[in-house]
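What follows is my_file_29.txt (compact mmCIF, C-alpha atoms).
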# COMPACT_ATOMS: atom_id res chain seq x y z
CA MET A 1 116.40 202.00 34.86
CA ARG A 2 113.62 199.69 35.86
CA SER A 3 113.59 196.58 33.74
CA ALA A 4 110.84 194.13 32.87
CA GLY A 5 111.09 190.43 32.11
CA THR A 6 112.85 187.50 33.71
CA ALA A 7 115.52 188.25 36.31
CA GLY A 8 118.37 185.77 36.27
CA SER A 9 119.92 187.03 39.50
CA VAL A 10 118.96 188.78 42.68
CA HIS A 11 122.01 191.01 42.22
CA GLY A 12 122.03 194.29 40.39
CA ARG A 13 118.58 195.45 41.37
CA VAL A 14 117.91 199.18 41.25
CA PRO A 15 115.35 201.42 42.98
CA GLY A 16 111.97 200.84 41.41
CA ASP A 17 112.60 197.19 40.64
CA HIS A 18 109.99 194.74 41.83
CA VAL A 19 111.08 191.13 41.55
CA CYS A 20 109.07 188.00 42.13
CA TRP A 21 111.59 185.38 43.31
CA PRO A 22 110.26 181.82 43.65
CA PHE A 23 112.17 179.56 46.02
CA ALA A 24 112.12 175.85 46.70
CA ASP A 25 113.20 175.68 50.33
CA GLU A 26 114.66 177.67 53.21
CA ALA A 27 118.21 177.33 51.93
CA ASP A 28 117.16 178.60 48.53
CA LEU A 29 115.39 181.56 50.13
CA ALA A 30 118.31 182.32 52.45
CA ALA A 31 120.71 182.45 49.52
CA ALA A 32 118.47 184.87 47.66
CA MET A 33 117.95 187.04 50.71
CA PHE A 34 121.65 187.20 51.50
CA GLY A 35 122.45 188.23 47.95
CA PHE A 36 119.73 190.82 47.67
CA LEU A 37 120.12 192.32 51.14
CA GLY A 38 123.90 192.23 50.95
CA ASP A 39 123.78 194.35 47.77
CA GLY A 40 121.59 196.87 49.56
CA LEU A 41 123.81 197.11 52.60
CA ARG A 42 126.97 197.44 50.55
CA GLY A 43 125.28 200.26 48.66
CA GLY A 44 124.57 202.11 51.91
CA GLU A 45 120.84 201.47 51.63
CA ARG A 46 118.42 200.55 54.41
CA VAL A 47 116.89 197.12 54.11
CA VAL A 48 113.67 195.77 55.57
CA VAL A 49 112.60 192.13 55.80
CA CYS A 50 108.98 191.10 56.12
CA ARG A 51 108.26 187.40 56.32
CA PRO A 52 106.48 185.00 58.63
CA GLY A 53 108.43 183.29 61.37
CA PRO A 54 109.87 183.98 64.79
CA VAL A 55 111.77 187.26 64.89
CA GLU A 56 114.79 185.81 66.64
CA THR A 57 115.13 183.07 64.04
CA ILE A 58 115.17 185.59 61.23
CA ALA A 59 117.58 187.83 63.11
CA ARG A 60 119.95 184.89 63.64
CA ALA A 61 119.73 183.87 59.99
CA LEU A 62 120.60 187.35 58.80
CA GLY A 63 123.18 188.03 61.49
CA PRO A 64 126.23 187.42 59.28
CA LEU A 65 125.12 190.25 57.05
CA GLY A 66 126.00 192.69 59.81
CA ASP A 67 124.07 195.90 60.23
CA VAL A 68 120.61 194.70 59.31
CA GLU A 69 117.56 196.44 60.72
CA HIS A 70 115.82 194.08 63.13
CA PRO A 71 113.44 192.23 60.86
CA TYR A 72 109.79 191.83 61.61
CA ALA A 73 107.64 188.77 61.19
CA ALA A 74 104.55 189.60 59.22
CA ILE A 75 102.08 191.70 61.21
CA CYS A 76 102.01 190.46 64.75
CA ALA A 77 101.79 192.16 68.12
CA TYR A 78 105.44 191.87 68.99
CA ASP A 79 106.47 193.64 65.84
CA ALA A 80 104.05 196.53 65.62
CA ARG A 81 106.85 198.99 66.35
CA LEU A 82 108.86 197.60 63.46
CA LEU A 83 105.80 197.69 61.25
CA SER A 84 105.52 201.35 62.15
CA ARG A 85 109.14 202.02 61.25
CA SER A 86 108.77 200.15 58.00
CA LEU A 87 105.66 202.08 57.03
CA SER A 88 107.41 205.32 57.87
CA ALA A 89 110.26 204.35 55.59
CA VAL A 90 107.88 203.52 52.78
CA GLY A 91 105.88 206.71 53.16
CA ASP A 92 102.54 207.53 51.61
CA LEU A 93 100.82 204.43 50.23
CA ALA A 94 97.35 205.94 49.99
CA VAL A 95 95.50 206.11 46.70
CA HIS A 96 92.70 208.65 46.25
CA GLY A 97 92.58 209.31 49.98
CA ARG A 98 92.32 205.67 50.92
CA LEU A 99 94.95 203.31 52.28
CA THR A 100 93.90 199.79 51.39
CA VAL A 101 95.67 196.91 53.11
CA ASP A 102 95.11 193.39 51.83
CA LEU A 103 95.17 190.98 54.76
CA SER A 104 94.00 187.92 52.87
CA GLY A 105 97.31 186.14 53.51
CA THR A 106 97.31 187.01 57.19
CA ALA A 107 95.53 184.86 59.73
CA PHE A 108 95.84 187.29 62.61
CA VAL A 109 96.29 191.02 63.05
CA SER A 110 96.97 192.35 66.51
CA HIS A 111 95.34 195.49 67.83
CA GLN A 112 98.77 197.13 67.88
CA ALA A 113 99.10 196.53 64.15
CA VAL A 114 95.62 197.99 63.61
CA ARG A 115 96.68 201.06 65.57
CA VAL A 116 99.85 201.46 63.50
CA LEU A 117 97.99 201.10 60.21
CA ARG A 118 95.31 203.54 61.37
CA GLU A 119 97.88 206.10 62.46
CA HIS A 120 99.80 205.73 59.22
CA ALA A 121 96.63 206.32 57.20
CA ALA A 122 95.69 209.33 59.32
CA ALA A 123 99.17 210.80 58.99
CA HIS A 124 98.68 210.86 55.24
CA GLY A 125 95.12 212.16 55.40
CA ALA A 126 93.73 208.83 54.22
CA ALA A 127 90.94 206.53 55.34
CA LEU A 128 91.98 202.97 56.20
CA ARG A 129 90.40 200.03 54.44
CA LEU A 130 91.28 196.48 55.49
CA ARG A 131 90.50 193.87 52.87
CA GLY A 132 90.47 190.09 53.23
CA THR A 133 90.22 190.12 57.01
CA SER A 134 90.11 186.74 58.74
CA PRO A 135 87.29 186.02 61.22
CA THR A 136 89.71 186.56 64.10
CA THR A 137 90.83 189.92 62.76
CA ALA A 138 87.21 190.91 62.24
CA ARG A 139 86.60 190.14 65.94
CA VAL A 140 89.47 192.40 66.96
CA LEU A 141 88.14 195.28 64.88
CA ALA A 142 84.56 194.87 66.10
CA LEU A 143 85.60 194.81 69.76
CA LEU A 144 87.76 197.88 69.38
CA ALA A 145 84.81 199.75 67.83
CA VAL A 146 87.07 201.65 65.45
CA GLY A 147 84.38 203.20 63.32
CA ASP A 148 86.81 204.93 60.99
CA VAL A 149 88.25 201.67 59.64
CA GLU A 150 86.44 200.14 56.69
CA VAL A 151 86.46 196.34 56.84
CA ARG A 152 85.90 194.03 53.90
CA SER A 153 86.13 190.30 54.41
CA LEU B 1 94.10 215.96 85.79
CA ARG B 2 91.12 214.15 84.35
CA GLU B 3 87.84 215.98 84.29
CA ARG B 4 85.22 213.87 86.02
CA ARG B 5 82.05 213.93 83.95
CA LEU B 6 80.46 210.68 85.06
CA ARG B 7 77.59 210.73 87.52
CA HIS B 8 77.00 207.31 89.06
CA ASP B 9 74.04 207.05 91.43
CA ALA B 10 72.70 204.23 93.56
CA PHE B 11 68.95 204.77 93.63
CA PHE B 12 67.28 203.00 96.56
CA PHE B 13 63.54 202.44 96.45
CA ASP B 14 60.90 200.31 98.11
CA ASP B 15 57.91 200.77 95.84
CA ASP B 16 57.67 200.82 92.07
CA ALA B 17 55.46 203.88 91.87
CA SER B 18 58.07 206.03 93.58
CA VAL B 19 60.67 204.98 90.98
CA ALA B 20 58.46 206.04 88.13
CA GLY B 21 57.57 209.28 89.91
CA ARG B 22 61.22 210.16 90.37
CA LEU B 23 62.75 208.87 87.16
CA ALA B 24 60.18 209.81 84.53
CA PRO B 25 60.58 213.60 84.93
CA ALA B 26 64.37 213.24 85.05
CA VAL B 27 64.34 211.23 81.83
CA GLU B 28 62.08 213.77 80.12
CA GLU B 29 64.38 216.58 81.19
CA ALA B 30 67.49 214.75 79.95
CA LEU B 31 65.87 214.10 76.58
CA ASP B 32 64.82 217.75 76.34
CA GLU B 33 68.45 218.73 76.90
CA GLY B 34 69.62 216.54 74.03
CA ALA B 35 70.81 213.52 75.99
CA ALA B 36 70.17 209.89 75.04
CA VAL B 37 68.59 207.55 77.56
CA SER B 38 68.65 203.75 77.80
CA VAL B 39 66.58 201.85 80.34
CA CYS B 40 67.37 198.24 81.26
CA VAL B 41 65.27 197.14 84.23
CA SER B 42 63.02 194.26 85.28
CA ASP B 43 59.90 193.69 83.22
CA GLY B 44 57.54 195.02 85.87
CA LEU B 45 59.46 198.22 86.35
CA ALA B 46 59.91 198.66 82.61
CA GLU B 47 56.16 198.49 82.17
CA ILE B 48 55.59 201.22 84.75
CA LEU B 49 58.27 203.44 83.21
CA GLU B 50 56.94 202.88 79.71
CA ASP B 51 53.54 204.05 80.90
CA ALA B 52 55.07 207.14 82.53
CA LEU B 53 57.20 208.05 79.51
CA ASP B 54 56.61 208.47 75.80
CA PRO B 55 58.51 205.41 74.51
CA THR B 56 58.48 206.75 70.95
CA ARG B 57 60.71 209.70 71.79
CA ASP B 58 63.99 209.95 69.93
CA ARG B 59 67.05 208.76 71.85
CA LEU B 60 64.99 206.81 74.37
CA ASP B 61 65.51 203.04 74.34
CA PHE B 62 64.23 200.24 76.52
CA LEU B 63 66.70 197.36 76.47
CA SER B 64 66.23 193.79 77.58
CA ALA B 65 68.76 192.27 79.98
CA ASP B 66 69.96 189.71 77.45
CA ASP B 67 73.39 188.23 76.95
CA SER B 68 74.87 191.71 76.85
CA TYR B 69 74.56 191.75 80.61
CA ALA B 70 75.65 188.18 81.20
CA ARG B 71 79.04 189.15 82.60
CA PRO B 72 80.64 192.35 83.90
CA ILE B 73 82.86 192.67 80.82
CA THR B 74 79.90 192.40 78.44
CA ALA B 75 77.89 194.85 80.55
CA MET B 76 80.78 197.31 80.47
CA GLY B 77 81.09 196.80 76.72
CA THR B 78 77.41 197.50 76.22
CA LEU B 79 77.48 200.63 78.40
CA TRP B 80 80.61 201.95 76.72
CA ASP B 81 79.36 201.16 73.23
CA LEU B 82 75.99 202.82 73.81
CA ALA B 83 77.60 205.91 75.32
CA LYS B 84 80.17 206.14 72.54
CA ARG B 85 77.67 205.70 69.74
CA ASN B 86 75.16 208.17 71.18
CA VAL B 87 77.73 210.85 71.93
CA GLU B 88 79.30 210.43 68.49
CA ALA B 89 75.80 210.80 67.03
CA GLY B 90 75.40 214.16 68.74
CA ALA B 91 73.81 213.38 72.12
CA THR B 92 74.89 215.83 74.81
CA ALA B 93 75.18 213.01 77.33
CA PHE B 94 74.19 209.39 77.82
CA HIS B 95 71.88 208.34 80.64
CA ALA B 96 71.76 204.66 81.59
CA ILE B 97 69.16 203.39 84.02
CA GLY B 98 69.81 199.80 85.08
CA GLU B 99 68.92 197.22 87.64
CA ILE B 100 71.07 194.26 88.63
CA ALA B 101 69.17 191.29 90.07
CA PHE B 102 71.22 190.63 93.22
CA GLU B 103 70.12 187.44 94.90
CA GLY B 104 72.63 186.94 97.69
CA ASP B 105 74.80 184.63 95.57
CA PRO B 106 78.52 184.86 96.45
CA ALA B 107 79.15 185.23 92.72
CA ASP B 108 77.35 188.57 92.91
CA ALA B 109 80.62 190.02 94.23
CA ARG B 110 81.77 190.32 90.64
CA TRP B 111 78.92 192.80 90.03
CA HIS B 112 80.08 194.97 92.94
CA TRP B 113 83.52 194.97 91.32
CA TYR B 114 81.82 195.98 88.06
CA GLU B 115 79.96 198.86 89.74
CA ALA B 116 83.19 200.03 91.37
CA ALA B 117 84.90 199.83 87.98
CA VAL B 118 82.20 201.95 86.35
CA SER B 119 82.89 204.70 88.89
CA GLU B 120 86.56 204.56 88.04
CA VAL B 121 87.09 203.73 84.37
CA LEU B 122 84.23 205.75 82.87
CA ALA B 123 84.96 208.83 84.98
CA GLU B 124 85.69 211.03 81.97
CA TRP B 125 82.60 210.06 79.98
CA PRO B 126 79.47 212.25 79.87
CA ILE B 127 77.41 209.48 81.38
CA VAL B 128 74.69 209.59 84.02
CA ALA B 129 74.34 206.02 85.30
CA THR B 130 71.48 205.35 87.69
CA CYS B 131 71.53 201.91 89.33
CA LEU B 132 68.29 200.83 90.92
CA TYR B 133 68.29 198.88 94.20
CA ASP B 134 64.96 197.49 95.35
CA GLU B 135 65.32 197.49 99.12
CA ARG B 136 62.53 194.91 99.40
CA ARG B 137 64.47 192.28 97.48
CA VAL B 138 68.20 193.09 97.38
CA PRO B 139 70.10 191.46 100.29
CA ALA B 140 71.47 193.81 102.93
CA ASP B 141 75.11 193.04 102.10
CA ASP B 142 74.53 194.05 98.51
CA LEU B 143 72.84 197.28 99.59
CA ARG B 144 75.85 198.08 101.76
CA ALA B 145 78.19 197.34 98.85
CA ALA B 146 76.21 199.79 96.70
CA LEU B 147 77.13 202.55 99.14
CA ALA B 148 80.80 201.81 98.50
CA THR B 149 80.59 201.50 94.71
CA HIS B 150 78.52 204.62 93.98
CA PRO B 151 79.67 208.15 94.77
CA THR B 152 76.08 209.42 94.99
CA ILE B 153 73.08 207.99 96.81
CA VAL B 154 69.46 208.75 95.97
CA ARG B 155 66.69 207.81 98.37
CA GLY B 156 63.31 209.48 98.01
CA GLU B 157 63.90 213.19 97.61
CA VAL B 158 67.34 213.03 99.14
CA VAL B 159 70.40 213.10 96.88
CA GLU B 160 73.72 213.06 98.72
CA PRO B 161 77.32 211.90 98.41
CA SER B 162 77.81 208.39 99.70
CA PRO B 163 79.63 208.48 103.04
CA ALA B 164 80.98 204.98 102.36
CA PHE B 165 82.24 205.44 98.78
CA ASP B 166 85.40 203.35 98.49
CA VAL B 167 86.01 201.54 95.19
CA ASP B 168 89.43 200.28 96.25
CA ARG B 169 87.75 197.64 98.42
CA PHE B 170 86.72 195.71 95.35
CA VAL B 171 89.06 193.29 93.64
CA PRO B 172 88.52 191.38 90.41
CA PRO B 173 87.55 187.71 90.73
CA GLY B 174 90.46 185.29 90.59
CA VAL B 175 90.76 182.42 88.11
CA ALA B 176 92.40 179.12 89.06
CA VAL B 177 94.36 176.85 86.73
CA PRO B 178 93.66 173.08 86.60
CA ALA B 179 95.48 170.90 89.09
CA ASP B 180 96.81 168.53 86.42
CA ALA B 181 99.87 169.08 84.25
CA PRO B 182 99.50 171.45 81.28
CA TRP B 183 99.11 170.11 77.77
CA ARG B 184 102.00 172.37 76.74
CA SER B 185 104.45 174.46 78.76
CA LEU B 186 106.36 176.97 76.65
CA SER B 187 109.23 179.03 77.98
CA ASP B 188 110.99 182.08 76.53
CA VAL B 189 108.25 182.74 74.00
CA THR B 190 109.14 185.82 71.95
CA ALA B 191 106.53 185.67 69.17
CA MET B 192 102.95 184.53 69.27
CA GLY B 193 102.47 183.24 65.74
CA PRO B 194 103.82 179.74 66.51
CA VAL B 195 101.62 179.54 69.62
CA ARG B 196 98.51 180.43 67.62
CA ARG B 197 99.40 177.83 64.99
CA MET B 198 99.99 175.22 67.71
CA LEU B 199 96.29 175.42 68.60
CA GLU B 200 95.09 174.67 65.09
CA ASP B 201 93.88 171.24 64.02
CA LEU B 202 93.15 170.04 67.54
CA PRO B 203 90.33 167.51 67.59
CA GLY B 204 87.00 168.51 69.10
CA VAL B 205 87.58 172.26 69.13
CA LEU B 206 84.84 174.40 67.64
CA PRO B 207 85.95 177.07 65.15
CA ASP B 208 84.54 179.87 67.31
CA THR B 209 86.34 178.54 70.38
CA LEU B 210 89.59 178.23 68.44
CA GLN B 211 89.41 181.79 67.16
CA ARG B 212 88.71 183.15 70.62
CA ALA B 213 91.46 181.02 72.15
CA GLN B 214 93.98 182.22 69.57
CA LEU B 215 93.03 185.83 70.11
CA VAL B 216 93.17 185.56 73.90
CA VAL B 217 96.53 183.83 74.14
CA SER B 218 97.97 186.04 71.45
CA GLU B 219 97.00 189.29 73.15
CA LEU B 220 98.07 188.13 76.61
CA GLY B 221 101.36 186.79 75.24
CA ALA B 222 102.01 189.98 73.28
CA ASN B 223 101.39 192.04 76.42
CA ALA B 224 103.82 189.89 78.38
CA ILE B 225 106.50 190.12 75.69
CA ARG B 226 106.01 193.84 75.25
CA HIS B 227 105.74 194.93 78.87
CA GLY B 228 107.29 192.05 80.77
CA GLY B 229 110.88 191.79 79.72
CA GLY B 230 110.79 190.56 76.14
CA SER B 231 109.57 187.00 76.60
CA ALA B 232 106.74 185.02 78.16
CA ALA B 233 106.20 181.62 79.75
CA ILE B 234 102.93 180.10 78.59
CA ASP B 235 101.13 177.05 79.99
CA ILE B 236 98.16 175.64 78.08
CA TRP B 237 95.53 173.20 79.30
CA ILE B 238 92.96 171.70 76.93
CA ASP B 239 90.08 169.57 78.10
CA GLY B 240 86.89 168.84 76.20
CA GLY B 241 87.30 171.77 73.86
CA ARG B 242 87.98 174.09 76.80
CA PHE B 243 91.22 176.08 76.98
CA VAL B 244 93.02 177.45 80.01
CA PHE B 245 96.03 179.71 79.46
CA ARG B 246 98.52 180.91 82.02
CA VAL B 247 100.86 183.60 80.72
CA ARG B 248 103.70 184.77 82.93
CA ASP B 249 106.41 187.38 82.45
CA ARG B 250 109.32 188.83 84.39
CA GLY B 251 108.18 192.45 84.29
CA PRO B 252 107.42 194.86 87.10
CA GLY B 253 104.06 193.30 88.03
CA PHE B 254 100.55 194.54 87.55
CA ASP B 255 98.13 195.71 90.21
CA ALA B 256 95.63 197.87 88.34
CA ARG B 257 92.43 196.39 89.72
CA PHE B 258 90.13 197.66 86.99
CA ALA B 259 92.49 197.34 84.03
CA THR B 260 90.87 194.17 82.69
CA ILE B 261 87.50 195.85 82.40
CA ALA B 262 88.52 199.33 81.25
CA PRO B 263 87.29 200.16 77.74
CA PRO B 264 90.19 200.24 75.31
CA ARG B 265 92.05 203.33 74.23
CA LEU B 266 93.67 202.24 71.04
CA GLU B 267 96.05 205.20 71.13
CA THR B 268 97.34 204.72 74.65
CA GLY B 269 96.95 201.07 75.52
CA GLY B 270 94.72 198.64 77.33
CA ALA B 271 93.19 197.15 74.21
CA GLY B 272 94.92 193.79 74.64
CA LEU B 273 93.36 193.16 78.03
CA TRP B 274 89.97 194.34 76.82
CA LEU B 275 90.08 191.97 73.85
CA SER B 276 91.32 189.07 75.97
CA HIS B 277 88.67 189.59 78.63
CA HIS B 278 85.89 189.95 76.08
CA GLN B 279 86.82 186.81 74.19
CA SER B 280 87.52 184.64 77.22
CA ASP B 281 85.02 183.39 79.76
CA ALA B 282 87.16 184.35 82.72
CA LEU B 283 90.33 186.39 83.05
CA SER B 284 92.52 187.41 85.95
CA VAL B 285 95.74 189.39 85.85
CA GLY B 286 97.92 190.14 88.83
CA THR B 287 101.39 190.39 90.24
CA THR B 288 103.14 187.06 90.68
CA PRO B 289 104.48 186.39 94.19
CA GLY B 290 108.20 186.86 93.78
CA GLY B 291 107.89 189.17 90.78
CA GLY B 292 106.41 189.53 87.32
CA THR B 293 102.84 189.29 86.13
CA THR B 294 100.59 186.26 85.76
CA ALA B 295 97.49 186.24 83.58
CA VAL B 296 95.07 183.31 83.60
CA ALA B 297 92.31 183.03 81.02
CA VAL B 298 89.63 180.42 80.39
CA VAL B 299 88.00 179.96 76.98
CA GLU B 300 84.94 177.71 77.05
CA PRO B 301 83.07 176.26 74.06
CA ARG B 302 79.85 178.22 73.43
The structure given in the file should be rewritten as structure tokens.
Amino acid sequence: MRSAGTAGSVHGRVPGDHVCWPFADEADLAAAMFGFLGDGLRGGERVVVCRPGPVETIARALGPLGDVEHPYAAICAYDARLLSRSLSAVGDLAVHGRLTVDLSGTAFVSHQAVRVLREHAAAHGAALRLRGTSPTTARVLALLAVGDVEVRS
Amino acid sequence: LRERRLRHDAFFFDDDASVAGRLAPAVEEALDEGAAVSVCVSDGLAEILEDALDPTRDRLDFLSADDSYARPITAMGTLWDLAKRNVEAGATAFHAIGEIAFEGDPADARWHWYEAAVSEVLAEWPIVATCLYDERRVPADDLRAALATHPTIVRGEVVEPSPAFDVDRFVPPGVAVPADAPWRSLSDVTAMGPVRRMLEDLPGVLPDTLQRAQLVVSELGANAIRHGGGSAAIDIWIDGGRFVFRVRDRGPGFDARFATIAPPRLETGGAGLWLSHHQSDALSVGTTPGGGTTAVAVVEPR
């Protein structure tokens, strides 16, 4: 059953849980990730990591966990295929026929990522809205002339 | 097989009245059939055409040769954007009438490459592009090049296939890197985020230049990583707020001569080169002697 309140441990999470886990440094984060992801793998679940940083660095850091899906680093060109796989795993995220993606924490979105998001929205019969686009991302969208993507800075 | 829908004519003339006499009825007929028409010609010719046509008609626009036509990539972008928007708005076709002011400058070769590219990369679009060549002013070499870049020639009442049509003669302009050592040389790059961040906080770089530089190197690097063996080697020069990037990979090489100017197809590829070319001031991509692909891009302050 999904619980609410303060979580004292990364262990014991169940489907539906949504935990905010503050960390002080990389070692702190790594410990939390290993615990959380290790639980998932031991339970036969698929795990996905999304965080900024070079892909190979993340892959190396998680290597001891064994059979981890290749992680992807935020939304960047190299990882559009993994973004696609991750979105497929998550499924339909649209609300009232619109898939809204908040990019306010993302400095750059490649055209491959735009394509993946657009295809994911279309596959679920939804219109794509990108919110909080950076000036660079806005340039990408304008030059691609994708008229079916709603952009809000 | 692709269906060729583009018509791309070189229209030779030696007096302004004959242009108006030939083009005005054709424009009227196209508009009657539901096409959209844009005219971008010299002021004198525009005046004659405006007198011969009803400039208030729907789907008829007279455009000025502003910054949109500053470079081949921006001209292609304008042509593609106008065609796309008009066809999406219900026009049966898009007619573009244009005039390039050839002056015998060696740099004009890039416009012959552009004209050759139009014949190739817009082949599937319902576009009728009529390029005007004033035989009184355009140098003979440029007139000869027009025969090679346009599949159809119009002169007076005669409309015929060009006997010299041969777009493969035209190669994109090359871009050289500075002779001095790069500011940074990065090998085995597998993700572009750190490279983009490396460019931030440099003194003397305008925000617009930085954004374009980040976009250009990111797209070229992503292409190299994706299509060139999983990693890229990137050299960066910075001088006076000007960036030069050289991105190399170990892939199979790249010889598509019009790929850097082909409008993007988000579904099937090509968007990275389009974005890079648009946001840079010069771009060349080609096979590296010995193997792999090398892309060189220049981003100038504007």
Problem - Spatial neighbours of A:Val95, 10 Å, only C-alpha atoms, chain gap at least 3 places, as a ChimeraX atom specification - result: /A:92,98-100,126-127
Problem - Distance in Å - atom CA of B:Gln214 versus atom CA of B:Arg196 - result: 5.2 Å
Exercise for the section: Would you mind listing what lies within 10 Å of A:Ser104 as a PyMOL selection string, with all atoms listed in the file counted and same-chain residues fewer than 6 positions away left out? Expected result: chain A and resi 130-134+153
Exercise for the section: Do a neighbour search on A:Ala145 at 10 Å with all atoms listed in the file, toss out local chain neighbours closer than 5 positions, and write the hits as number ranges by chain. Expected result: A: 139-140; B: 81, 84-85, 264, 266
List the spatial neighbours of B:Ser38 as a PDB file with C-alpha atoms, in the coordinates of the input - criterion: any atom at most 6 Å away, all atoms listed in the file, same-chain residues fewer than 2 positions off excluded.
ATOM      1  CA  LEU B  60      64.990 206.810  74.370  1.00  0.00           C
ATOM      2  CA  ASP B  61      65.510 203.040  74.340  1.00  0.00           C
ATOM      3  CA  PHE B  62      64.230 200.240  76.520  1.00  0.00           C
ATOM      4  CA  ALA B  96      71.760 204.660  81.590  1.00  0.00           C
TER       5      ALA B  96
END
Practice task
Identify the residues within 12 Å of coordinate (85.8, 203.6, 69.8) (same frame as the file), considering all atoms listed in the file, and give the answer as a PyMOL selection string.
Solution key: (chain A and resi 115+141-149) or (chain B and resi 77+80-88+263-267+271)
Exercise for the section: Tell me the residues of chain B close to chain A, meaning within 10 Å using all atoms listed in the file, as a VMD selection string. Expected result: chain B and resid 77 81 84 to 85 189 to 194 196 to 197 207 to 208 210 to 215 218 to 219 221 to 226 230 to 231 263 to 269 271 to 272 274 to 276 278 to 279
Practice task
Choose the residue, out of A:Glu150, A:Leu117, A:Val10, A:Gly105, that has the smallest atom-to-atom separation from A:Ala30; count all atoms listed in the file.
Solution key: A:Val10
Completion exercise
Between A:Leu29, A:Ala113, A:Val151, A:Cys20, smallest distance to A:Leu128 by all atoms listed in the file belongs to A:Val151
Practice task
For atom CA of B:Pro139 and atom CA of B:Thr260, quote the distance in Å rounded to one decimal.
Solution key: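 Computing it gives 27.4 Å between the two atoms.
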Problem - Pick from A:Met33, A:Asp39, A:Ala121, A:Asp28, whichever lies nearest to A:His11 using all atoms listed in the file - result: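 Closest to A:His11, using all atoms listed in the file: A:Asp39.
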Handout entry: Shell around B:Thr294 at 8 Å using only C-alpha atoms, local window under 4 positions removed, as an MDAnalysis selection string
Key = chainID B and resid 246:249 285:288
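The spacing separating atom CA of B:Ala65 from atom CA of B:Asp108 amounts to 16.0 Å.
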Take every atom of stretch 40-43 of chain A listed in the file, fit an axis-aligned box around them, add 5 Å per side, and give the centre and edge lengths in Å to one decimal as AutoDock Vina command-line options.
--center_x 124.3 --center_y 198.6 --center_z 50.6 --size_x 15.4 --size_y 13.4 --size_z 13.9
Handout entry: For A:Arg152, the nearest of the candidates A:Gly12, A:Gly97, A:Arg129, A:His120, counting only C-alpha atoms
Key =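 Closest to A:Arg152, using only C-alpha atoms: A:Arg129.
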